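Chemist: This structure is in structure tokens; I'll ask about it shortly.
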There are 2 protein chains.
Amino acid sequence: MSEKYQSKTRLKTMEDLAQAIGLSRPTVSKYFNDPESVRASTRSKIERALEEYDYTPNLLAMNLNRRRTRVVGIVVPEINDPFFTHLIRVVQLSALESGYLVIVESSHGDAGLEARAIESLASMHAAGVILAPLGIDADLSRLHRLREFMPIVFVDSRLDSETAYVGTNNEQSISLIVDYLCRSGSPPAFFTMPAVNYNGIERERAYTTKMTEIGHEPRIINEGMPYTGWDFEQYGQTAMLELIDSGKLDADTILCANDRLAFGVLSAAFKRGLAVGRSGDARLRVAGHDDQPLSKFCCPALTTVAQDVEAIGIEAVKLLLDKLGRDGPAAKHDVERLFDARLMLRESA
Amino acid sequence: MSEKYQSKTRLKTMEDLAQAIGLSRPTVSKYFNDPESVRASTRSKIERALEEYDYTPNLLAMNLNRRRTRVVGIVVPEINDPFFTHLIRVVQLSALESGYLVIVESSHGDAGLEARAIESLASMHAAGVILAPLGIDADLSRLHRLREFMPIVFVDSRLDSETAYVGTNNEQSISLIVDYLCRSGSPPAFFTMPAVNYNGIERERAYTTKMTEIGHEPRIINEGMPYTGWDFEQYGQTAMLELIDSGKLDADTILCANDRLAFGVLSAAFKRGLAVGRSGDARLRVAGHDDQPLSKFCCPALTTVAQDVEAIGIEAVKLLLDKLGRDGPAAKHDVERLFDARLMLRESA
DNA sequence: TACTGAACTTTACGCGTGTTAAAAACACCG
DNA sequence: CGGTGTTTTTAACACGCGTAAAGTTCAGTA
């Protein structure tokens, strides 16, 4: 009866709990799967018992023999990237509300680990997976097979045009920042990102299209300085230093394909004593894309466009859970949901 | 026979696989639990079949009825913090090598979620948990009860002196950087961190002790500007701006309790046109603690001490797995393993 | 060849819960 | 009070694999 946690007696199985209440196990089981499915008086009996005893249903056993498991996976290519951790956070909290267990897996940039993570989720009959794919390196045919019997929602970067996808409208976001940059100064050159996924390609194309459309010459400033991998800041710094030192930096304004590149670019400019910003004495403007947590603490604070991570995460969960509702695992015409980005006007451009 | 993945026929249960090979299920089961435990000829038969068929054992079923589960949890207070994501990465890769499934949980700064995460791990009889506790807010008595029947290794911040702990030797790390700062310029004032866990307390104490020891007056520069929460950069910036604007900034050198505070401090200094660094014209030096991924891309690049995250993660896993080896879940005299930090000399101090 | 120990098969139970079908108990209503 | 529809109980099987015991086959040795 005591309110203190430590005095609650621990019950191991649902059977024990049922017996302590004076109900049958199936009834208690029904309660756990949907509290509304039992009579109100029964419900309050169970809930009173849950106050008094310390019982947590065994997640492994719970999900072993369900028609639809209450497990969803989220697989990200890199857990060191703040964008993905933010996404994980949103997905986890949002799925928790619907009573789902979220299994977080990271590929750590390795295609083998990505495959392994998905395999592992499949093995436990996860109800579905939210997948931010590695991109270029991912095993497409394998994913397509998986899609047959496990709902997948892609986020961040899409692999094909058939599967459900939630992400940022790169055309809108790039257009937004290009517009702003052109309005407020000289048209931007584009600092493109290492080819890890289709975001880079999409954004570069969006840039080119937009620039042409408004009558400017598009220019990729780091053309022919190829690099693959997720070490964006380092690449941004190295490439920018090379540009400055070789005297080939012939742009007043640089739009980076993502903020992490911009961090490197800003640090290179600082190292070489190049003032960045839109104030009088600065000769260079730098803008980014994504609005990472640290972007507002850059020196100078980074002007960028903010992806609506909250919306993306919540929508991805919603979409996945919807797919679970409809019984057919693979609907033919899958949804695509793109969210607009917001301009974050700061000091760097 | 085809090498192509998509042509492999998928087998659902271990029984199916055993039958396809012509072995009994228990033998195949033995193989999965320890490939060395079956005859070499049998092993190669199984491995050939695994090439030919697509089978992954069901993780839920596998761990439901084991004496010791092959599941370990890692619980972190904040998944948005690069230190923890790095730790997760190391732990995950290291545990994977030993055949363990790692379940990643984040408290998202909330004590209720932390309790829930641990409860959930306990419910699936996780073999053990690596826990970076929320700290101040954590429910100590609950954790002590848990410790009775589930091995726990604390990392990053300790809760008591009884339980296994792996972390950084804050005395050494602070001593190291204080020494350097005193040697190379005026003695540092200390920018302490919000009271989220014992790291802050330990580091502040280490600072005071060291300063006294070498004959300098210790000074906490943000004394009386209290704040709780994990939003370190923002706090660092706000507090520093206040210090500058009120004219109370009477220090040449600032040692921040962690890098994230330093990011905020640097950005505040930049905003106010205060040059930071150890070059001629700079009047202020700033140093940090942790060496986060972005620290080398700060403007100026942040001088700091690097925690040995790799070593900490690997040791935590090793310690946990060792505890699992010995049968008693709670050894009385638990180990404490502290790792030294390395000085990362950059431009900011 | 007989012997011995290791490896394997057979058989069977267990893990903790989901799920079902039929029977029993209950609540509500006229 | 009897009838009706809803809840709950009972009983049983299922999920996929771990594990144990006892019997069988196999390899290597005396």
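Ligands are numbered from 1 in the order shown, chains are lettered A, B, ... in the order of the structure tokens, and residues start at 1 in each chain.
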At a cut-off of 12 Å, which residues of chain B touch chain D? Count only C-alpha atoms (C1' of nucleotides) and give the answer as a PyMOL selection string.
Modeler: chain B and resi 12-16+25-30+32-33+39+56-69
Chemist: Please save N, CA and C atoms of the selected residues as a tab-separated table (two decimals), in the first residue's frame.
Modeler:
```tsv
chain	number	residue	atom	x	y	z
B	12	LYS	N	12.21	-19.45	-42.69
B	12	LYS	CA	11.63	-18.70	-41.58
B	12	LYS	C	12.17	-19.16	-40.23
B	13	THR	N	12.24	-20.44	-40.04
B	13	THR	CA	12.64	-20.93	-38.72
B	13	THR	C	13.91	-21.76	-38.80
B	14	MET	N	14.48	-21.95	-37.65
B	14	MET	CA	15.70	-22.74	-37.54
B	14	MET	C	15.42	-24.19	-37.91
B	15	GLU	N	14.20	-24.60	-37.63
B	15	GLU	CA	13.76	-25.94	-38.00
B	15	GLU	C	13.89	-26.13	-39.51
B	16	ASP	N	13.39	-25.15	-40.25
B	16	ASP	CA	13.47	-25.21	-41.71
B	16	ASP	C	14.92	-25.35	-42.17
B	25	ARG	N	17.57	-29.61	-35.22
B	25	ARG	CA	17.53	-28.22	-34.81
B	25	ARG	C	18.48	-27.93	-33.64
B	26	PRO	N	18.49	-28.76	-32.61
B	26	PRO	CA	19.41	-28.49	-31.50
B	26	PRO	C	20.86	-28.34	-31.95
B	27	THR	N	21.29	-29.11	-32.92
B	27	THR	CA	22.67	-28.98	-33.39
B	27	THR	C	22.89	-27.61	-34.03
B	28	VAL	N	21.94	-27.21	-34.87
B	28	VAL	CA	22.04	-25.90	-35.50
B	28	VAL	C	22.02	-24.81	-34.44
B	29	SER	N	21.17	-25.00	-33.46
B	29	SER	CA	21.09	-24.04	-32.36
B	29	SER	C	22.44	-23.93	-31.65
B	30	LYS	N	23.03	-25.07	-31.42
B	30	LYS	CA	24.36	-25.07	-30.80
B	30	LYS	C	25.34	-24.26	-31.63
B	32	PHE	N	24.78	-21.77	-33.60
B	32	PHE	CA	24.56	-20.33	-33.51
B	32	PHE	C	25.05	-19.75	-32.19
B	33	ASN	N	25.00	-20.56	-31.16
B	33	ASN	CA	25.45	-20.06	-29.88
B	33	ASN	C	26.96	-20.15	-29.71
B	39	ARG	N	31.28	-30.12	-34.59
B	39	ARG	CA	32.38	-30.68	-35.36
B	39	ARG	C	32.66	-29.82	-36.60
B	56	THR	N	17.81	-15.67	-40.83
B	56	THR	CA	18.30	-14.94	-39.67
B	56	THR	C	17.49	-15.37	-38.46
B	57	PRO	N	18.15	-15.84	-37.42
B	57	PRO	CA	17.40	-16.28	-36.24
B	57	PRO	C	16.59	-15.13	-35.64
B	58	ASN	N	15.45	-15.44	-35.14
B	58	ASN	CA	14.57	-14.46	-34.53
B	58	ASN	C	15.13	-14.01	-33.19
B	59	LEU	N	15.50	-12.74	-33.13
B	59	LEU	CA	16.14	-12.22	-31.93
B	59	LEU	C	15.24	-12.28	-30.70
B	60	LEU	N	13.95	-12.09	-30.92
B	60	LEU	CA	13.04	-12.13	-29.78
B	60	LEU	C	13.00	-13.53	-29.18
B	61	ALA	N	12.82	-14.49	-30.06
B	61	ALA	CA	12.73	-15.87	-29.58
B	61	ALA	C	14.05	-16.33	-28.97
B	62	MET	N	15.12	-15.94	-29.62
B	62	MET	CA	16.45	-16.34	-29.14
B	62	MET	C	16.68	-15.93	-27.70
B	63	ASN	N	16.21	-14.73	-27.37
B	63	ASN	CA	16.55	-14.19	-26.06
B	63	ASN	C	15.47	-14.41	-25.01
B	64	LEU	N	14.40	-15.05	-25.43
B	64	LEU	CA	13.30	-15.21	-24.48
B	64	LEU	C	13.64	-16.23	-23.41
B	65	ASN	N	14.30	-17.27	-23.81
B	65	ASN	CA	14.48	-18.40	-22.88
B	65	ASN	C	15.94	-18.74	-22.66
B	66	ARG	N	16.80	-17.77	-22.75
B	66	ARG	CA	18.22	-17.99	-22.49
B	66	ARG	C	18.50	-17.87	-21.00
B	67	ARG	N	19.57	-18.53	-20.55
B	67	ARG	CA	19.98	-18.29	-19.16
B	67	ARG	C	20.44	-16.84	-19.07
B	68	ARG	N	21.40	-16.52	-19.96
B	68	ARG	CA	21.80	-15.11	-20.02
B	68	ARG	C	21.53	-14.59	-21.41
B	69	THR	N	20.73	-13.58	-21.42
B	69	THR	CA	20.34	-12.91	-22.65
B	69	THR	C	21.56	-12.32	-23.37
```
Chemist: Only residues of chain C matter here; which ones have an atom within 12 Å of chain B, counting only C-alpha atoms (C1' of nucleotides)? Give them as JSON, numbers by chain.
Modeler: {"C": [6, 7, 8, 9, 10, 11, 13, 14, 15, 16, 17]}
Chemist: For N, CA and C atoms (P, O5', C5', C4', C3', O3' and C1' of nucleotides), I'd like the residues from the last selection saved as a PDB file, in the first residue's frame.
Modeler:
```pdb
ATOM      1  P    DA C   6      35.071 -36.668 -24.068  1.00  0.00           P
ATOM      2  O5'  DA C   6      34.708 -36.053 -25.485  1.00  0.00           O
ATOM      3  C5'  DA C   6      35.597 -36.233 -26.582  1.00  0.00           C
ATOM      4  C4'  DA C   6      34.807 -36.183 -27.865  1.00  0.00           C
ATOM      5  C3'  DA C   6      33.826 -35.008 -27.936  1.00  0.00           C
ATOM      6  O3'  DA C   6      34.036 -34.314 -29.163  1.00  0.00           O
ATOM      7  C1'  DA C   6      32.717 -37.035 -28.452  1.00  0.00           C
ATOM      8  P    DA C   7      33.314 -32.937 -29.500  1.00  0.00           P
ATOM      9  O5'  DA C   7      32.132 -33.400 -30.454  1.00  0.00           O
ATOM     10  C5'  DA C   7      32.451 -34.051 -31.672  1.00  0.00           C
ATOM     11  C4'  DA C   7      31.172 -34.565 -32.295  1.00  0.00           C
ATOM     12  C3'  DA C   7      30.081 -33.496 -32.426  1.00  0.00           C
ATOM     13  O3'  DA C   7      29.745 -33.384 -33.799  1.00  0.00           O
ATOM     14  C1'  DA C   7      29.207 -35.496 -31.485  1.00  0.00           C
ATOM     15  P    DC C   8      28.591 -32.387 -34.272  1.00  0.00           P
ATOM     16  O5'  DC C   8      27.280 -33.282 -34.213  1.00  0.00           O
ATOM     17  C5'  DC C   8      27.096 -34.309 -35.165  1.00  0.00           C
ATOM     18  C4'  DC C   8      25.912 -35.147 -34.765  1.00  0.00           C
ATOM     19  C3'  DC C   8      24.569 -34.407 -34.810  1.00  0.00           C
ATOM     20  O3'  DC C   8      23.857 -34.822 -35.970  1.00  0.00           O
ATOM     21  C1'  DC C   8      24.773 -35.861 -32.913  1.00  0.00           C
ATOM     22  P    DT C   9      22.346 -34.237 -36.141  1.00  0.00           P
ATOM     23  O5'  DT C   9      21.492 -35.299 -35.349  1.00  0.00           O
ATOM     24  C5'  DT C   9      21.413 -36.645 -35.819  1.00  0.00           C
ATOM     25  C4'  DT C   9      20.340 -37.392 -35.033  1.00  0.00           C
ATOM     26  C3'  DT C   9      18.943 -36.776 -35.129  1.00  0.00           C
ATOM     27  O3'  DT C   9      18.019 -37.813 -35.445  1.00  0.00           O
ATOM     28  C1'  DT C   9      19.583 -37.016 -32.844  1.00  0.00           C
ATOM     29  P    DT C  10      16.544 -37.438 -35.864  1.00  0.00           P
ATOM     30  O5'  DT C  10      15.747 -37.804 -34.532  1.00  0.00           O
ATOM     31  C5'  DT C  10      16.162 -38.922 -33.773  1.00  0.00           C
ATOM     32  C4'  DT C  10      15.401 -39.003 -32.464  1.00  0.00           C
ATOM     33  C3'  DT C  10      14.004 -38.371 -32.470  1.00  0.00           C
ATOM     34  O3'  DT C  10      13.082 -39.333 -32.005  1.00  0.00           O
ATOM     35  C1'  DT C  10      15.275 -37.555 -30.622  1.00  0.00           C
ATOM     36  P    DT C  11      11.542 -39.075 -32.011  1.00  0.00           P
ATOM     37  O5'  DT C  11      11.305 -38.479 -30.554  1.00  0.00           O
ATOM     38  C5'  DT C  11      11.879 -39.147 -29.423  1.00  0.00           C
ATOM     39  C4'  DT C  11      11.643 -38.329 -28.174  1.00  0.00           C
ATOM     40  C3'  DT C  11      10.315 -37.575 -28.150  1.00  0.00           C
ATOM     41  O3'  DT C  11       9.624 -37.923 -26.975  1.00  0.00           O
ATOM     42  C1'  DT C  11      12.103 -36.146 -27.531  1.00  0.00           C
ATOM     43  P    DC C  13       6.672 -33.324 -22.159  1.00  0.00           P
ATOM     44  O5'  DC C  13       7.253 -32.020 -21.465  1.00  0.00           O
ATOM     45  C5'  DC C  13       8.304 -32.152 -20.502  1.00  0.00           C
ATOM     46  C4'  DC C  13       9.030 -30.847 -20.403  1.00  0.00           C
ATOM     47  C3'  DC C  13       8.112 -29.649 -20.129  1.00  0.00           C
ATOM     48  O3'  DC C  13       8.518 -29.030 -18.931  1.00  0.00           O
ATOM     49  C1'  DC C  13       9.654 -29.169 -21.863  1.00  0.00           C
ATOM     50  P    DG C  14       7.592 -27.912 -18.288  1.00  0.00           P
ATOM     51  O5'  DG C  14       8.390 -26.560 -18.559  1.00  0.00           O
ATOM     52  C5'  DG C  14       9.782 -26.475 -18.257  1.00  0.00           C
ATOM     53  C4'  DG C  14      10.328 -25.208 -18.863  1.00  0.00           C
ATOM     54  C3'  DG C  14       9.379 -24.012 -18.724  1.00  0.00           C
ATOM     55  O3'  DG C  14      10.001 -23.011 -17.933  1.00  0.00           O
ATOM     56  C1'  DG C  14      10.128 -24.263 -20.992  1.00  0.00           C
ATOM     57  P    DC C  15       9.174 -21.799 -17.353  1.00  0.00           P
ATOM     58  O5'  DC C  15       9.568 -20.580 -18.270  1.00  0.00           O
ATOM     59  C5'  DC C  15      10.931 -20.224 -18.488  1.00  0.00           C
ATOM     60  C4'  DC C  15      10.960 -19.183 -19.562  1.00  0.00           C
ATOM     61  C3'  DC C  15       9.790 -18.211 -19.471  1.00  0.00           C
ATOM     62  O3'  DC C  15      10.243 -17.017 -18.836  1.00  0.00           O
ATOM     63  C1'  DC C  15      10.188 -18.974 -21.741  1.00  0.00           C
ATOM     64  P    DG C  16       9.453 -16.483 -17.531  1.00  0.00           P
ATOM     65  O5'  DG C  16       8.352 -15.562 -18.239  1.00  0.00           O
ATOM     66  C5'  DG C  16       8.796 -14.475 -19.031  1.00  0.00           C
ATOM     67  C4'  DG C  16       7.698 -14.088 -19.971  1.00  0.00           C
ATOM     68  C3'  DG C  16       6.362 -13.786 -19.292  1.00  0.00           C
ATOM     69  O3'  DG C  16       5.985 -12.485 -19.654  1.00  0.00           O
ATOM     70  C1'  DG C  16       6.064 -15.234 -21.134  1.00  0.00           C
ATOM     71  P    DT C  17       4.646 -11.782 -19.157  1.00  0.00           P
ATOM     72  O5'  DT C  17       3.761 -11.856 -20.469  1.00  0.00           O
ATOM     73  C5'  DT C  17       4.170 -11.099 -21.591  1.00  0.00           C
ATOM     74  C4'  DT C  17       3.568 -11.671 -22.841  1.00  0.00           C
ATOM     75  C3'  DT C  17       2.074 -11.411 -23.025  1.00  0.00           C
ATOM     76  O3'  DT C  17       1.924 -10.426 -24.042  1.00  0.00           O
ATOM     77  C1'  DT C  17       2.728 -13.608 -23.715  1.00  0.00           C
TER      78       DT C  17
END
```
Chemist: Give me, as a list in words, the residues of chain A touching chain B, with the criterion being at most 7 Å (counting only C-alpha atoms).
Modeler: Gln6, Thr56, Pro57, Asn58, Leu59, Leu60, Ala61, Leu64, Ile79, Asn80, Pro82, Thr85, His86, Ile103, Val104, Ser123, Met124, Arg142, Phe263, Gly264, Ser267, Phe270, Phe297, Cys298 and Cys299 of chain A
Chemist: Which of range 138-235 of chain A counts as helix (DSSP H, G or I) under DSSP, as a ChimeraX atom specification please?
Modeler: /A:140-149,170-184,198-213,232-235
Chemist: Export N, CA and C atoms of the chosen residues as a short mmCIF file (atom, residue, chain, number, x, y, z; two decimals), in the first residue's frame?
Modeler:
```
data_model
loop_
_atom_site.label_atom_id
_atom_site.label_comp_id
_atom_site.auth_asym_id
_atom_site.auth_seq_id
_atom_site.Cartn_x
_atom_site.Cartn_y
_atom_site.Cartn_z
N LEU A 140 20.06 -1.72 -53.13
CA LEU A 140 18.70 -1.43 -53.56
C LEU A 140 17.83 -2.67 -53.69
N SER A 141 18.36 -3.70 -54.34
CA SER A 141 17.53 -4.87 -54.59
C SER A 141 17.13 -5.53 -53.27
N ARG A 142 18.05 -5.51 -52.35
CA ARG A 142 17.75 -6.08 -51.04
C ARG A 142 16.62 -5.30 -50.36
N LEU A 143 16.71 -3.99 -50.43
CA LEU A 143 15.67 -3.16 -49.83
C LEU A 143 14.32 -3.40 -50.48
N HIS A 144 14.35 -3.59 -51.78
CA HIS A 144 13.08 -3.83 -52.47
C HIS A 144 12.45 -5.14 -52.05
N ARG A 145 13.28 -6.14 -51.83
CA ARG A 145 12.72 -7.41 -51.35
C ARG A 145 12.11 -7.23 -49.97
N LEU A 146 12.82 -6.51 -49.14
CA LEU A 146 12.38 -6.29 -47.77
C LEU A 146 11.04 -5.58 -47.73
N ARG A 147 10.91 -4.66 -48.64
CA ARG A 147 9.71 -3.84 -48.74
C ARG A 147 8.47 -4.70 -48.96
N GLU A 148 8.67 -5.88 -49.50
CA GLU A 148 7.55 -6.78 -49.78
C GLU A 148 6.82 -7.19 -48.51
N PHE A 149 7.56 -7.39 -47.46
CA PHE A 149 6.90 -7.92 -46.27
C PHE A 149 7.15 -7.09 -45.02
N ASN A 170 13.71 20.10 -51.23
CA ASN A 170 14.98 20.74 -51.54
C ASN A 170 14.85 21.87 -52.55
N GLU A 171 13.92 21.71 -53.47
CA GLU A 171 13.72 22.79 -54.44
C GLU A 171 13.29 24.06 -53.75
N GLN A 172 12.33 23.89 -52.84
CA GLN A 172 11.82 25.06 -52.12
C GLN A 172 12.92 25.67 -51.26
N SER A 173 13.64 24.80 -50.51
CA SER A 173 14.61 25.33 -49.55
C SER A 173 15.76 26.02 -50.27
N ILE A 174 16.24 25.41 -51.32
CA ILE A 174 17.36 26.02 -52.06
C ILE A 174 16.90 27.30 -52.74
N SER A 175 15.71 27.22 -53.32
CA SER A 175 15.16 28.39 -53.99
C SER A 175 15.06 29.56 -53.01
N LEU A 176 14.60 29.24 -51.81
CA LEU A 176 14.42 30.25 -50.76
C LEU A 176 15.73 30.96 -50.45
N ILE A 177 16.77 30.20 -50.25
CA ILE A 177 18.03 30.81 -49.81
C ILE A 177 18.75 31.47 -50.99
N VAL A 178 18.61 30.87 -52.17
CA VAL A 178 19.23 31.49 -53.35
C VAL A 178 18.59 32.86 -53.60
N ASP A 179 17.26 32.86 -53.51
CA ASP A 179 16.53 34.11 -53.67
C ASP A 179 17.04 35.17 -52.70
N TYR A 180 17.11 34.77 -51.46
CA TYR A 180 17.55 35.73 -50.44
C TYR A 180 18.96 36.24 -50.74
N LEU A 181 19.84 35.33 -51.08
CA LEU A 181 21.23 35.72 -51.30
C LEU A 181 21.36 36.67 -52.50
N CYS A 182 20.60 36.38 -53.55
CA CYS A 182 20.66 37.23 -54.73
C CYS A 182 20.09 38.62 -54.44
N ARG A 183 19.04 38.63 -53.66
CA ARG A 183 18.38 39.88 -53.31
C ARG A 183 19.31 40.79 -52.51
N SER A 184 20.09 40.16 -51.63
CA SER A 184 20.84 40.93 -50.64
C SER A 184 22.32 41.11 -51.01
N TYR A 198 21.34 11.12 -52.17
CA TYR A 198 20.74 11.90 -53.23
C TYR A 198 20.42 13.34 -52.84
N ASN A 199 20.56 13.63 -51.55
CA ASN A 199 20.34 15.00 -51.13
C ASN A 199 21.29 15.95 -51.84
N GLY A 200 22.54 15.53 -51.91
CA GLY A 200 23.55 16.36 -52.54
C GLY A 200 23.19 16.63 -53.98
N ILE A 201 22.83 15.57 -54.68
CA ILE A 201 22.47 15.70 -56.09
C ILE A 201 21.25 16.60 -56.26
N GLU A 202 20.23 16.34 -55.44
CA GLU A 202 19.01 17.14 -55.52
C GLU A 202 19.27 18.62 -55.28
N ARG A 203 20.06 18.88 -54.27
CA ARG A 203 20.30 20.28 -53.92
C ARG A 203 21.12 21.00 -54.98
N GLU A 204 22.10 20.28 -55.50
CA GLU A 204 22.90 20.89 -56.55
C GLU A 204 22.03 21.20 -57.78
N ARG A 205 21.17 20.25 -58.12
CA ARG A 205 20.30 20.46 -59.27
C ARG A 205 19.34 21.62 -59.01
N ALA A 206 18.80 21.65 -57.78
CA ALA A 206 17.88 22.74 -57.43
C ALA A 206 18.58 24.08 -57.56
N TYR A 207 19.83 24.10 -57.13
CA TYR A 207 20.61 25.35 -57.23
C TYR A 207 20.78 25.78 -58.69
N THR A 208 21.20 24.83 -59.50
CA THR A 208 21.44 25.14 -60.91
C THR A 208 20.16 25.65 -61.58
N THR A 209 19.08 24.92 -61.35
CA THR A 209 17.80 25.30 -61.94
C THR A 209 17.41 26.71 -61.54
N LYS A 210 17.48 26.94 -60.25
CA LYS A 210 17.02 28.23 -59.73
C LYS A 210 17.86 29.39 -60.28
N MET A 211 19.16 29.19 -60.28
CA MET A 211 20.06 30.25 -60.76
C MET A 211 19.77 30.57 -62.22
N THR A 212 19.65 29.53 -63.02
CA THR A 212 19.36 29.71 -64.44
C THR A 212 18.05 30.47 -64.60
N GLU A 213 17.07 30.04 -63.82
CA GLU A 213 15.73 30.62 -63.88
C GLU A 213 15.74 32.12 -63.63
N PHE A 232 32.12 15.78 -43.28
CA PHE A 232 31.84 17.01 -44.01
C PHE A 232 32.67 18.22 -43.58
N GLU A 233 32.77 18.42 -42.26
CA GLU A 233 33.48 19.62 -41.78
C GLU A 233 34.91 19.61 -42.29
N GLN A 234 35.54 18.47 -42.17
CA GLN A 234 36.94 18.37 -42.58
C GLN A 234 37.08 18.65 -44.07
N TYR A 235 36.17 18.06 -44.84
CA TYR A 235 36.22 18.29 -46.27
C TYR A 235 36.00 19.76 -46.59
#
```
Chemist: May I have the residues within 8 Å of range 221-228 of chain B as a list of chain:residue names, using only C-alpha atoms (C1' of nucleotides) and disregarding those fewer than 2 positions away in the same chain?
Modeler: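 The residues satisfying every condition are B:Ala189, B:Phe190, B:Phe191, B:Thr192, B:Pro194, B:Ala195, B:Val196, B:Arg219, B:Trp230, B:Tyr235, B:Ala239, B:Leu249.
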Chemist: Put those residues in a file: N, CA and C atoms, as a PDB file, in the first residue's frame.
Modeler:
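Generated file (part_28.pdb):
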```
ATOM      1  N   ALA B 189      40.277  31.610 -15.073  1.00  0.00           N
ATOM      2  CA  ALA B 189      39.048  31.554 -14.278  1.00  0.00           C
ATOM      3  C   ALA B 189      38.233  30.378 -14.810  1.00  0.00           C
ATOM      4  N   PHE B 190      37.323  29.892 -14.000  1.00  0.00           N
ATOM      5  CA  PHE B 190      36.577  28.691 -14.382  1.00  0.00           C
ATOM      6  C   PHE B 190      35.134  29.043 -14.723  1.00  0.00           C
ATOM      7  N   PHE B 191      34.696  28.545 -15.866  1.00  0.00           N
ATOM      8  CA  PHE B 191      33.301  28.715 -16.275  1.00  0.00           C
ATOM      9  C   PHE B 191      32.619  27.387 -15.991  1.00  0.00           C
ATOM     10  N   THR B 192      31.838  27.337 -14.939  1.00  0.00           N
ATOM     11  CA  THR B 192      31.302  26.052 -14.494  1.00  0.00           C
ATOM     12  C   THR B 192      30.015  25.705 -15.244  1.00  0.00           C
ATOM     13  N   PRO B 194      26.108  23.939 -15.831  1.00  0.00           N
ATOM     14  CA  PRO B 194      24.842  23.704 -15.150  1.00  0.00           C
ATOM     15  C   PRO B 194      24.870  22.380 -14.415  1.00  0.00           C
ATOM     16  N   ALA B 195      24.225  22.328 -13.280  1.00  0.00           N
ATOM     17  CA  ALA B 195      24.330  21.164 -12.405  1.00  0.00           C
ATOM     18  C   ALA B 195      23.479  20.007 -12.889  1.00  0.00           C
ATOM     19  N   VAL B 196      23.861  19.404 -13.996  1.00  0.00           N
ATOM     20  CA  VAL B 196      23.086  18.268 -14.465  1.00  0.00           C
ATOM     21  C   VAL B 196      23.611  16.942 -13.929  1.00  0.00           C
ATOM     22  N   ARG B 219      38.827  31.043  -9.260  1.00  0.00           N
ATOM     23  CA  ARG B 219      37.683  31.943  -9.388  1.00  0.00           C
ATOM     24  C   ARG B 219      36.664  31.362 -10.354  1.00  0.00           C
ATOM     25  N   TRP B 230      20.311  20.929 -20.359  1.00  0.00           N
ATOM     26  CA  TRP B 230      21.392  20.465 -21.217  1.00  0.00           C
ATOM     27  C   TRP B 230      21.705  21.441 -22.342  1.00  0.00           C
ATOM     28  N   TYR B 235      23.410  28.593 -22.782  1.00  0.00           N
ATOM     29  CA  TYR B 235      23.767  29.126 -21.477  1.00  0.00           C
ATOM     30  C   TYR B 235      25.123  29.820 -21.533  1.00  0.00           C
ATOM     31  N   ALA B 239      25.330  33.783 -20.679  1.00  0.00           N
ATOM     32  CA  ALA B 239      26.083  34.186 -19.500  1.00  0.00           C
ATOM     33  C   ALA B 239      27.288  35.033 -19.886  1.00  0.00           C
ATOM     34  N   LEU B 249      33.626  41.128 -16.727  1.00  0.00           N
ATOM     35  CA  LEU B 249      34.556  40.131 -17.242  1.00  0.00           C
ATOM     36  C   LEU B 249      35.990  40.564 -16.932  1.00  0.00           C
TER      37      LEU B 249
END
```
Chemist: Hey, can you check how far CA of Val155 in chain A sits from CA of Ile74 in chain A?
Modeler: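 Between CA of Val155 in chain A and CA of Ile74 in chain A the gap works out to 9.8 Å.
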Chemist: Using DSSP on the backbone, list every residue of range 13-178 of chain A that comes out as strand (DSSP E or B), and give them as number ranges by chain.
Modeler: A: 53-54, 71-76, 101-106, 128-131, 152-155, 165-168
Chemist: Please measure the separation of C1' of DA25 in chain C and CA of Pro35 in chain A, giving the value in Å to one decimal.
Modeler: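 Distance between the two atoms: 20.9 Å.
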Chemist: Could you check how far CA of Ile254 in chain A sits from CA of Ala306 in chain A, in Å to one decimal?
Modeler: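 One can read the CA of Ile254 in chain A to CA of Ala306 in chain A distance as 17.2 Å.
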Chemist: Please identify all polymer residues within 8 Å of Ala164 in chain B, counting only C-alpha atoms (C1' of nucleotides), omitting same-chain residues fewer than 2 positions from it, and present them as an NGL selection string.
Modeler: :B and (152-154 or 162 or 166 or 334-336)
Chemist: I need the chosen residues saved as a tab-separated table (two decimals), in the first residue's frame, with C-alpha atoms.
Modeler:
```
chain	number	residue	atom	x	y	z
B	152	ILE	CA	25.11	-2.01	-14.45
B	153	VAL	CA	28.20	-0.14	-15.50
B	154	PHE	CA	28.09	3.60	-15.13
B	162	GLU	CA	29.94	1.52	-4.97
B	166	VAL	CA	34.22	3.97	-16.32
B	334	ASP	CA	33.17	-3.05	-8.00
B	335	VAL	CA	35.78	-1.73	-10.31
B	336	GLU	CA	36.39	1.87	-11.16
```
Chemist: Neighbours of Ala262 in chain B within 8 Å (only C-alpha atoms (C1' of nucleotides); same-chain residues fewer than 4 positions away dropped), as a ChimeraX atom specification?
Modeler: /B:233,236,256,258,266,286-288
